[in-house]
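Have a look at work-v3.cif; it's mmCIF, C-alpha atoms:
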data_entry
#
loop_
_atom_site.label_atom_id
_atom_site.label_comp_id
_atom_site.auth_asym_id
_atom_site.auth_seq_id
_atom_site.Cartn_x
_atom_site.Cartn_y
_atom_site.Cartn_z
CA MET W 1 46.41 34.57 -36.17
CA THR W 2 46.90 35.55 -32.52
CA ASN W 3 43.95 34.81 -30.28
CA THR W 4 42.99 38.07 -28.55
CA LYS W 5 39.94 36.69 -26.79
CA PRO W 6 40.29 37.46 -23.07
CA LYS W 7 40.40 34.58 -20.63
CA ILE W 8 37.41 35.09 -18.33
CA LEU W 9 36.55 33.27 -15.11
CA VAL W 10 32.95 33.35 -13.89
CA PHE W 11 32.83 33.07 -10.11
CA ILE W 12 29.47 32.03 -8.59
CA PRO W 13 29.51 32.42 -4.80
CA ALA W 14 26.89 30.14 -3.27
CA TYR W 15 25.54 29.64 0.23
CA ARG W 16 22.27 27.82 0.92
CA CYS W 17 21.27 28.11 -2.75
CA GLU W 18 20.11 24.54 -3.28
CA ALA W 19 16.77 25.70 -4.72
CA GLN W 20 18.26 28.33 -7.04
CA ILE W 21 21.66 27.11 -8.23
CA THR W 22 20.36 25.00 -11.13
CA ARG W 23 18.48 28.04 -12.47
CA VAL W 24 21.69 30.07 -12.29
CA LEU W 25 23.61 27.44 -14.23
CA ASP W 26 20.80 27.18 -16.77
CA GLN W 27 21.46 30.81 -17.72
CA PHE W 28 24.56 29.51 -19.51
CA ASP W 29 23.26 28.32 -22.85
CA ARG W 30 25.88 27.14 -25.34
CA ASP W 31 26.44 30.59 -26.85
CA THR W 32 26.85 32.13 -23.40
CA GLN W 33 29.29 29.43 -22.33
CA ARG W 34 31.52 30.29 -25.30
CA LEU W 35 32.07 33.78 -23.90
CA PHE W 36 33.99 32.33 -20.96
CA ASP W 37 36.92 30.04 -20.29
CA THR W 38 35.74 28.69 -16.91
CA VAL W 39 32.65 28.81 -14.70
CA MET W 40 33.30 28.12 -11.03
CA VAL W 41 30.64 27.57 -8.37
CA LEU W 42 32.24 28.25 -4.99
CA ASP W 43 30.24 26.95 -2.06
CA ASN W 44 30.90 28.54 1.32
CA ARG W 45 30.29 25.34 3.28
CA SER W 46 26.49 25.39 2.91
CA PRO W 47 24.55 23.17 5.35
CA ASP W 48 22.23 22.08 2.51
CA ALA W 49 22.96 20.30 -0.78
CA THR W 50 24.01 23.40 -2.75
CA LEU W 51 27.41 21.99 -3.69
CA GLN W 52 26.12 18.54 -4.64
CA VAL W 53 23.33 19.96 -6.80
CA ALA W 54 25.73 22.39 -8.50
CA ALA W 55 28.31 19.67 -9.19
CA SER W 56 25.76 17.26 -10.63
CA HIS W 57 23.97 19.83 -12.80
CA GLY W 58 27.15 21.53 -13.97
CA ALA W 59 28.73 18.24 -15.04
CA LYS W 60 25.87 17.72 -17.48
CA LYS W 61 25.26 21.33 -18.47
CA PHE W 62 28.67 22.66 -19.50
CA THR W 63 29.96 21.51 -22.87
CA GLU W 64 31.54 24.70 -24.27
CA CYS W 65 33.72 25.88 -21.36
CA HIS W 66 35.39 24.49 -18.27
CA PHE W 67 33.30 23.99 -15.14
CA LEU W 68 34.39 23.72 -11.51
CA ALA W 69 32.39 23.05 -8.36
CA CYS W 70 34.45 23.94 -5.29
CA ARG W 71 34.07 24.21 -1.54
CA ASN W 72 35.86 26.71 0.69
CA GLN W 73 38.27 25.12 3.15
CA ASP W 74 36.68 27.23 5.89
CA ASN W 75 33.61 29.44 6.24
CA TYR W 76 35.07 32.62 4.79
CA GLY W 77 31.87 34.62 4.27
CA LEU W 78 30.87 36.31 1.01
CA GLY W 79 33.86 38.65 1.08
CA GLY W 80 36.22 35.80 1.83
CA SER W 81 34.81 33.82 -1.08
CA HIS W 82 35.61 36.78 -3.32
CA LYS W 83 39.20 36.63 -2.09
CA VAL W 84 39.39 32.92 -2.95
CA ALA W 85 38.14 33.67 -6.46
CA PHE W 86 40.42 36.67 -7.03
CA ARG W 87 43.42 34.63 -5.90
CA TYR W 88 42.45 31.71 -8.13
CA GLY W 89 41.91 33.98 -11.13
CA VAL W 90 45.25 35.74 -10.72
CA GLU W 91 47.24 32.55 -10.11
CA HIS W 92 45.70 30.76 -13.10
CA GLY W 93 46.29 33.53 -15.61
CA PHE W 94 42.78 34.83 -16.15
CA ASP W 95 42.30 38.31 -17.58
CA TYR W 96 38.90 39.04 -16.04
CA LEU W 97 36.75 37.83 -13.18
CA VAL W 98 32.96 37.95 -13.47
CA VAL W 99 30.96 37.67 -10.24
CA LEU W 100 27.46 36.21 -10.51
CA HIS W 101 25.67 35.47 -7.25
CA GLY W 102 24.30 31.97 -6.88
CA ASP W 103 20.82 32.91 -5.65
CA ASP W 104 19.39 33.63 -9.13
CA GLN W 105 18.74 37.33 -8.72
CA ALA W 106 21.03 38.60 -11.50
CA ASP W 107 21.34 37.29 -15.08
CA ILE W 108 24.69 36.58 -16.73
CA ARG W 109 23.15 37.30 -20.12
CA ASP W 110 23.04 41.01 -19.26
CA LEU W 111 26.81 41.03 -19.87
CA GLY W 112 26.50 39.24 -23.20
CA PRO W 113 26.47 42.29 -25.50
CA ILE W 114 29.39 43.90 -23.65
CA LEU W 115 31.51 40.76 -23.82
CA SER W 116 30.62 40.09 -27.45
CA ASN W 117 31.58 43.62 -28.49
CA GLY W 118 34.79 43.58 -26.51
CA ILE W 119 35.51 44.86 -23.00
CA PRO W 120 37.03 48.37 -23.15
CA SER W 121 40.68 48.00 -22.20
CA ASP W 122 40.63 50.99 -19.85
CA ILE W 123 37.88 49.57 -17.60
CA ASP W 124 39.03 48.15 -14.26
CA CYS W 125 35.60 47.47 -12.76
CA LEU W 126 32.33 47.03 -14.64
CA LEU W 127 29.63 46.97 -11.99
CA GLY W 128 25.99 46.01 -12.43
CA SER W 129 23.45 48.55 -11.19
CA ARG W 130 19.87 47.78 -10.21
CA PHE W 131 18.90 51.43 -9.92
CA MET W 132 20.03 53.33 -13.02
CA GLN W 133 18.17 54.06 -16.23
CA GLY W 134 17.69 50.85 -18.17
CA SER W 135 17.72 48.58 -15.11
CA LYS W 136 14.82 46.15 -14.54
CA LEU W 137 13.57 45.22 -11.08
CA LYS W 138 11.14 42.41 -10.36
CA GLY W 139 9.80 41.71 -6.88
CA TYR W 140 12.11 44.25 -5.20
CA SER W 141 10.32 46.35 -2.59
CA LYS W 142 9.98 50.11 -2.94
CA PHE W 143 11.29 50.50 0.62
CA ARG W 144 14.54 48.68 -0.18
CA THR W 145 14.86 50.52 -3.49
CA PHE W 146 14.55 53.86 -1.68
CA GLY W 147 17.06 52.78 0.97
CA ASN W 148 19.60 51.75 -1.66
CA ILE W 149 19.21 55.03 -3.53
CA VAL W 150 19.81 56.98 -0.30
CA TYR W 151 22.94 54.97 0.46
CA ASN W 152 24.19 55.37 -3.11
CA PHE W 153 23.82 59.13 -2.67
CA LEU W 154 25.67 59.16 0.68
CA PHE W 155 28.55 57.08 -0.67
CA SER W 156 28.71 59.30 -3.75
CA LEU W 157 29.14 62.36 -1.55
CA VAL W 158 31.96 60.82 0.47
CA ALA W 159 33.73 59.16 -2.49
CA TRP W 160 33.27 62.19 -4.79
CA ARG W 161 31.97 59.86 -7.50
CA GLY W 162 28.58 59.06 -8.98
CA ILE W 163 27.78 55.66 -7.46
CA LYS W 164 24.82 53.82 -8.99
CA ASP W 165 24.89 50.65 -6.87
CA LEU W 166 26.98 49.68 -3.84
CA GLY W 167 26.94 46.00 -4.56
CA SER W 168 24.79 43.98 -6.93
CA GLY W 169 25.18 40.32 -7.83
CA LEU W 170 26.76 40.87 -11.25
CA ASN W 171 30.17 42.50 -11.62
CA LEU W 172 33.31 42.26 -13.76
CA TYR W 173 36.90 43.01 -12.69
CA LYS W 174 40.14 43.30 -14.68
CA LEU W 175 42.45 41.02 -12.72
CA SER W 176 45.68 42.85 -13.57
CA THR W 177 44.37 45.63 -11.33
CA PHE W 178 44.00 43.31 -8.35
CA ARG W 179 47.20 41.25 -8.45
CA ASP W 180 48.71 42.77 -5.31
CA PHE W 181 45.83 41.51 -3.12
CA TYR W 182 45.55 44.89 -1.38
CA TYR W 183 42.03 43.94 -0.29
CA GLU W 184 43.12 41.04 1.93
CA LYS W 185 42.19 42.91 5.13
CA PHE W 186 38.84 44.08 3.79
CA PRO W 187 35.81 42.55 5.57
CA ASP W 188 35.01 38.91 4.88
CA ASP W 189 31.30 39.50 5.38
CA LEU W 190 28.58 41.09 3.23
CA THR W 191 30.17 44.55 3.50
CA PHE W 192 33.15 43.51 1.37
CA ASN W 193 31.68 45.04 -1.80
CA TYR W 194 31.15 48.44 -0.17
CA VAL W 195 34.76 48.66 1.01
CA MET W 196 36.00 47.24 -2.30
CA LEU W 197 34.23 50.04 -4.17
CA LEU W 198 35.72 52.71 -1.89
CA GLY W 199 39.13 51.12 -2.38
CA SER W 200 38.73 51.18 -6.15
CA TYR W 201 37.96 54.88 -6.16
CA HIS W 202 40.75 55.65 -3.69
CA ARG W 203 43.23 53.85 -5.98
CA ARG W 204 41.89 55.78 -8.98
CA GLN W 205 40.62 52.73 -10.80
CA ASN W 206 38.28 53.24 -13.74
CA VAL W 207 34.83 52.14 -12.53
CA LYS W 208 31.81 52.00 -14.82
CA PHE W 209 28.21 51.08 -13.96
CA VAL W 210 25.88 49.27 -16.35
CA PRO W 211 22.14 48.58 -15.97
CA ILE W 212 21.13 45.02 -15.16
CA SER W 213 17.95 43.05 -14.50
CA TRP W 214 17.21 41.89 -10.95
CA ARG W 215 14.52 39.70 -9.46
CA GLU W 216 13.48 38.46 -6.05
CA GLU W 217 11.37 35.32 -5.90
CA ASP W 218 12.30 32.45 -3.57
CA GLN W 219 15.70 33.76 -2.45
CA ARG W 220 16.61 33.59 1.22
CA SER W 221 18.33 36.74 2.44
CA ASN W 222 21.17 36.44 4.95
CA VAL W 223 21.03 40.18 5.67
CA LYS W 224 19.52 41.66 8.84
CA LEU W 225 18.39 44.86 7.17
CA PHE W 226 18.70 47.52 9.86
CA GLN W 227 21.75 45.98 11.50
CA GLN W 228 23.45 45.94 8.10
CA ALA W 229 22.40 49.54 7.41
CA PHE W 230 24.04 50.84 10.59
CA LYS W 231 27.17 48.76 9.95
CA VAL W 232 27.52 50.21 6.45
CA LEU W 233 27.08 53.75 7.79
CA GLY W 234 29.84 53.08 10.29
CA LEU W 235 32.16 51.94 7.50
CA LEU W 236 31.39 55.04 5.49
CA GLY W 237 32.04 57.30 8.45
CA ARG W 238 35.39 55.70 9.19
CA TYR W 239 36.39 56.00 5.54
CA PHE W 240 35.35 59.68 5.52
CA ILE W 241 37.66 60.33 8.48
CA GLY W 242 40.55 58.05 7.58
CA ARG W 243 40.47 57.64 3.79
CA GLY W 244 43.60 55.67 2.83
CA ARG W 245 44.46 54.82 6.43
CA PHE W 246 41.04 53.22 6.89
CA LEU W 247 41.55 51.01 3.83
CA THR W 248 44.81 49.54 5.17
CA HIS W 249 43.71 48.57 8.68
CA GLU W 250 42.38 45.15 9.67
CA MET W 251 38.63 44.93 9.04
CA ARG W 252 38.13 41.18 9.38
CA ALA W 253 36.39 39.78 12.44
CA ARG W 254 38.42 36.57 12.12
CA PRO W 255 41.51 36.97 9.93
CA HIS W 256 42.52 33.96 7.84
CA ALA W 257 46.11 33.20 6.92
CA THR W 258 44.99 31.80 3.56
CA TYR W 259 41.84 31.75 1.43
CA ALA W 260 41.59 28.45 -0.40
CA SER W 261 39.09 25.96 -1.76
CA ASP W 262 38.91 22.31 -2.85
CA ALA W 263 37.43 21.17 -6.16
CA VAL W 264 34.82 18.42 -5.99
CA GLN W 265 33.76 18.48 -9.66
CA VAL W 266 35.92 19.39 -12.65
CA ASN W 267 34.97 19.01 -16.28
CA SER W 268 36.29 20.42 -19.52
CA PRO W 269 34.79 20.88 -22.96
CA PRO W 270 35.55 18.08 -25.44
CA GLN W 271 37.72 20.46 -27.45
CA SER W 272 39.25 23.90 -27.13
CA THR W 273 36.82 26.79 -27.63
CA GLY W 274 39.61 29.18 -28.69
CA SER W 275 39.59 30.61 -32.21
#
Encoded form (C-alpha cells):
Amino acid sequence: MTNTKPKILVFIPAYRCEAQITRVLDQFDRDTQRLFDTVMVLDNRSPDATLQVAASHGAKKFTECHFLACRNQDNYGLGGSHKVAFRYGVEHGFDYLVVLHGDDQADIRDLGPILSNGIPSDIDCLLGSRFMQGSKLKGYSKFRTFGNIVYNFLFSLVAWRGIKDLGSGLNLYKLSTFRDFYYEKFPDDLTFNYVMLLGSYHRRQNVKFVPISWREEDQRSNVKLFQQAFKVLGLLGRYFIGRGRFLTHEMRARPHATYASDAVQVNSPPQSTGS
C-alpha cells in the first residue's frame, strides 16, 4: 500500500530561550512525535545556552521522529531563520513546514486534530490565530490584545481579506507553494510574518486561520512595542501604495547571500515511523 502520510518538518526558531526550550520540546509526547518526520530547533546564535539545552534534551526526548538541533551560520533574525527552514524543507523533500516558536507561548498539540484528520490539499497556509472564536489567551494583556485586533482590521482593509492574526507562533505552510523562494528579499527581522502574509494574499494563496491557545509567563520579548507598531504601519502603507512592486524590492537591512545552518545534534528514531 502506498504511504500517503505527508512528510512534515517542525521548525522551532529559538533565541535566548534557555528557560523555555525544554518545555517546548516536552509538548512532543510519543503520539505527537509520530505526526511528524523531523523536529528541528534552529538557534539564531543565542548568547545563552539555548542550543546546548535543546540538543541535550532533544537527544533524550525524541524516539518516534528525527530530531535536529542547529545553529545559524550568522545572526539572520527571526525572518532569516524562517528562510533557513524553508530552504531546508524544500531541499530535503518535505511536504509541509510547521513553525512553532521556541519561547513556549504556543502549543503544537493545537494542530494535532488537523494533522490526524488530514491537511486539506487546497490549503497553502494554515495560520494560528490568538484572537478568533475558540482561541485561548493566558497572561496576554488587554492592551496588546486590543492593539493586535486594530492592526488585524487595518491589514484586512488593505489586503481585502479577513485577517485574524498577523503573526502567531504556530503556523503551517505547504512547501510546494514556496519553492521559488520569492520571499528572499522580505525582512529578516520580526516583521517577516507581516510581509509574508501580504505576499501570500497577493499571490492568491489559500490562507486559513485556526484558533490556538497562547500563554505569556516567563518569556522575554525582543519587541520594542511602539517602535514595532510604527514600523509595521510603514510596511502596510508602502504595500498599499506599491502592492506587487513593494513585495519585490529589497527589504532587508543587511542582505545575506545565503541562509544556512550547521547541525550540532542529530538523532533518528530506532526504526521507521512510516506505515
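With distances restricted to all atoms listed in the file, W:Leu236 is the closest residue to Phe155 in chain W from W:Leu126, W:Leu236, W:Leu190, W:Leu247.
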Leu235 in chain W environment, 10 Å, all atoms listed in the file, sequence neighbours closer than 5 positions dropped, as a CSV table (one decimal) with C-alpha atoms, in the coordinates of the input:
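Output (around_24.csv):
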chain,number,residue,atom,x,y,z
W,191,THR,CA,30.2,44.6,3.5
W,194,TYR,CA,31.2,48.4,-0.2
W,195,VAL,CA,34.8,48.7,1.0
W,230,PHE,CA,24.0,50.8,10.6
W,240,PHE,CA,35.4,59.7,5.5
W,246,PHE,CA,41.0,53.2,6.9
W,251,MET,CA,38.6,44.9,9.0
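Once only C-alpha atoms are considered, the residues situated within 8 Å of the file point (22.9, 28.6, -9.3) turn out to be W:Ile12, W:Ala14, W:Cys17, W:Glu18, W:Gln20, W:Ile21, W:Thr22, W:Arg23, W:Val24, W:Leu25, W:Asp26, W:Val41, W:Ala54, W:His101, W:Gly102, W:Asp103, W:Asp104.
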Take the residues that were just selected and, keeping C-alpha atoms, output them as a CSV table (one decimal), keeping the file's coordinate frame.
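Contents of the output file result_21.csv:
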chain,number,residue,atom,x,y,z
W,12,ILE,CA,29.5,32.0,-8.6
W,14,ALA,CA,26.9,30.1,-3.3
W,17,CYS,CA,21.3,28.1,-2.8
W,18,GLU,CA,20.1,24.5,-3.3
W,20,GLN,CA,18.3,28.3,-7.0
W,21,ILE,CA,21.7,27.1,-8.2
W,22,THR,CA,20.4,25.0,-11.1
W,23,ARG,CA,18.5,28.0,-12.5
W,24,VAL,CA,21.7,30.1,-12.3
W,25,LEU,CA,23.6,27.4,-14.2
W,26,ASP,CA,20.8,27.2,-16.8
W,41,VAL,CA,30.6,27.6,-8.4
W,54,ALA,CA,25.7,22.4,-8.5
W,101,HIS,CA,25.7,35.5,-7.2
W,102,GLY,CA,24.3,32.0,-6.9
W,103,ASP,CA,20.8,32.9,-5.6
W,104,ASP,CA,19.4,33.6,-9.1
When the PyMOL selection byres ((chain W and resi 46-48) around 7) is applied to the structure above, which residues does it catch, written out as a ChimeraX atom specification? /W:15-16,18,43-45,49-50
With only C-alpha atoms as the counted atoms, please give the residues lying no more than 9 Å from Pro187 in chain W, apart from itself and same-chain residues fewer than 5 positions off, as a list in words. Gly77, Gly79, Gly80, Phe192, Asn193, Val195, Glu250, Met251, Arg252 and Ala253 of chain W
Those same residues, written as a PDB file, in the coordinates of the input with C-alpha atoms?
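After the write, result22.pdb holds the following:
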ATOM      1  CA  GLY W  77      31.870  34.620   4.270  1.00  0.00           C
ATOM      2  CA  GLY W  79      33.860  38.650   1.080  1.00  0.00           C
ATOM      3  CA  GLY W  80      36.220  35.800   1.830  1.00  0.00           C
ATOM      4  CA  PHE W 192      33.150  43.510   1.370  1.00  0.00           C
ATOM      5  CA  ASN W 193      31.680  45.040  -1.800  1.00  0.00           C
ATOM      6  CA  VAL W 195      34.760  48.660   1.010  1.00  0.00           C
ATOM      7  CA  GLU W 250      42.380  45.150   9.670  1.00  0.00           C
ATOM      8  CA  MET W 251      38.630  44.930   9.040  1.00  0.00           C
ATOM      9  CA  ARG W 252      38.130  41.180   9.380  1.00  0.00           C
ATOM     10  CA  ALA W 253      36.390  39.780  12.440  1.00  0.00           C
TER      11      ALA W 253
END
CA of Gly242 in chain W sits from CA of Phe178 in chain W at a separation of 22.0 Å
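Candidate residues W:Phe131, W:Trp214, W:Tyr182, W:Tyr88 were compared for distance to Val150 in chain W, and the nearest is W:Phe131, using all atoms listed in the file.
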Considering all atoms listed in the file, return as a count of residues only whatever protein or nucleic-acid residues lie within 8 Å of range 265-271 of chain W, sequence-local ones (same chain, fewer than 4 positions apart) excluded. 11
Hits of the PyMOL selection byres ((chain W and resi 152) around 9) in this structure, as a ChimeraX atom specification: /W:147-151,153-157,162-166
With the file shown as input, list the residues that the PyMOL selection byres ((chain W and resi 35) around 10) selects, as a PyMOL selection string. chain W and resi 5-9+28+30-34+36-38+64-65+111-112+115-116+273
Shell of 12 Å around Lys138 in chain W, only C-alpha atoms, local chain residues under 4 positions omitted, as a ChimeraX atom specification: /W:105-106,130-131,142,145,212-217
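With distances restricted to only C-alpha atoms, W:Pro255 is the closest residue to Glu184 in chain W from W:Pro255, W:Ala85, W:Thr4, W:Val232.
Of the residues listed (W:Leu225, W:Leu172, W:Ile114, W:Leu197), W:Leu172 shows the shortest atom-to-atom separation from Leu97 in chain W; distances use only C-alpha atoms.
Going from CA of Gly93 in chain W over to CA of Thr248 in chain W, you cover 26.3 Å.
When all atoms listed in the file are used to compute distances to Asp110 in chain W, the closest of the residues W:Lys136, W:Arg87, W:Arg243, W:Lys208 turns out to be W:Lys136.
Atom to atom, CA of Met40 in chain W and CA of Ala19 in chain W stand 17.9 Å apart.
Nearest to Gly167 in chain W of all the residues W:Leu198, W:Leu233, W:Val264, W:Val84 is W:Leu198, counting all atoms listed in the file.
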Contacts of Gly244 in chain W at 10 Å or less, counting all atoms listed in the file, minus same-chain residues fewer than 5 places along, as a PDB file with C-alpha atoms, keeping the file's coordinate frame?
ATOM      1  CA  LEU W 198      35.720  52.710  -1.890  1.00  0.00           C
ATOM      2  CA  GLY W 199      39.130  51.120  -2.380  1.00  0.00           C
ATOM      3  CA  HIS W 202      40.750  55.650  -3.690  1.00  0.00           C
ATOM      4  CA  ARG W 203      43.230  53.850  -5.980  1.00  0.00           C
ATOM      5  CA  TYR W 239      36.390  56.000   5.540  1.00  0.00           C
ATOM      6  CA  HIS W 249      43.710  48.570   8.680  1.00  0.00           C
TER       7      HIS W 249
END
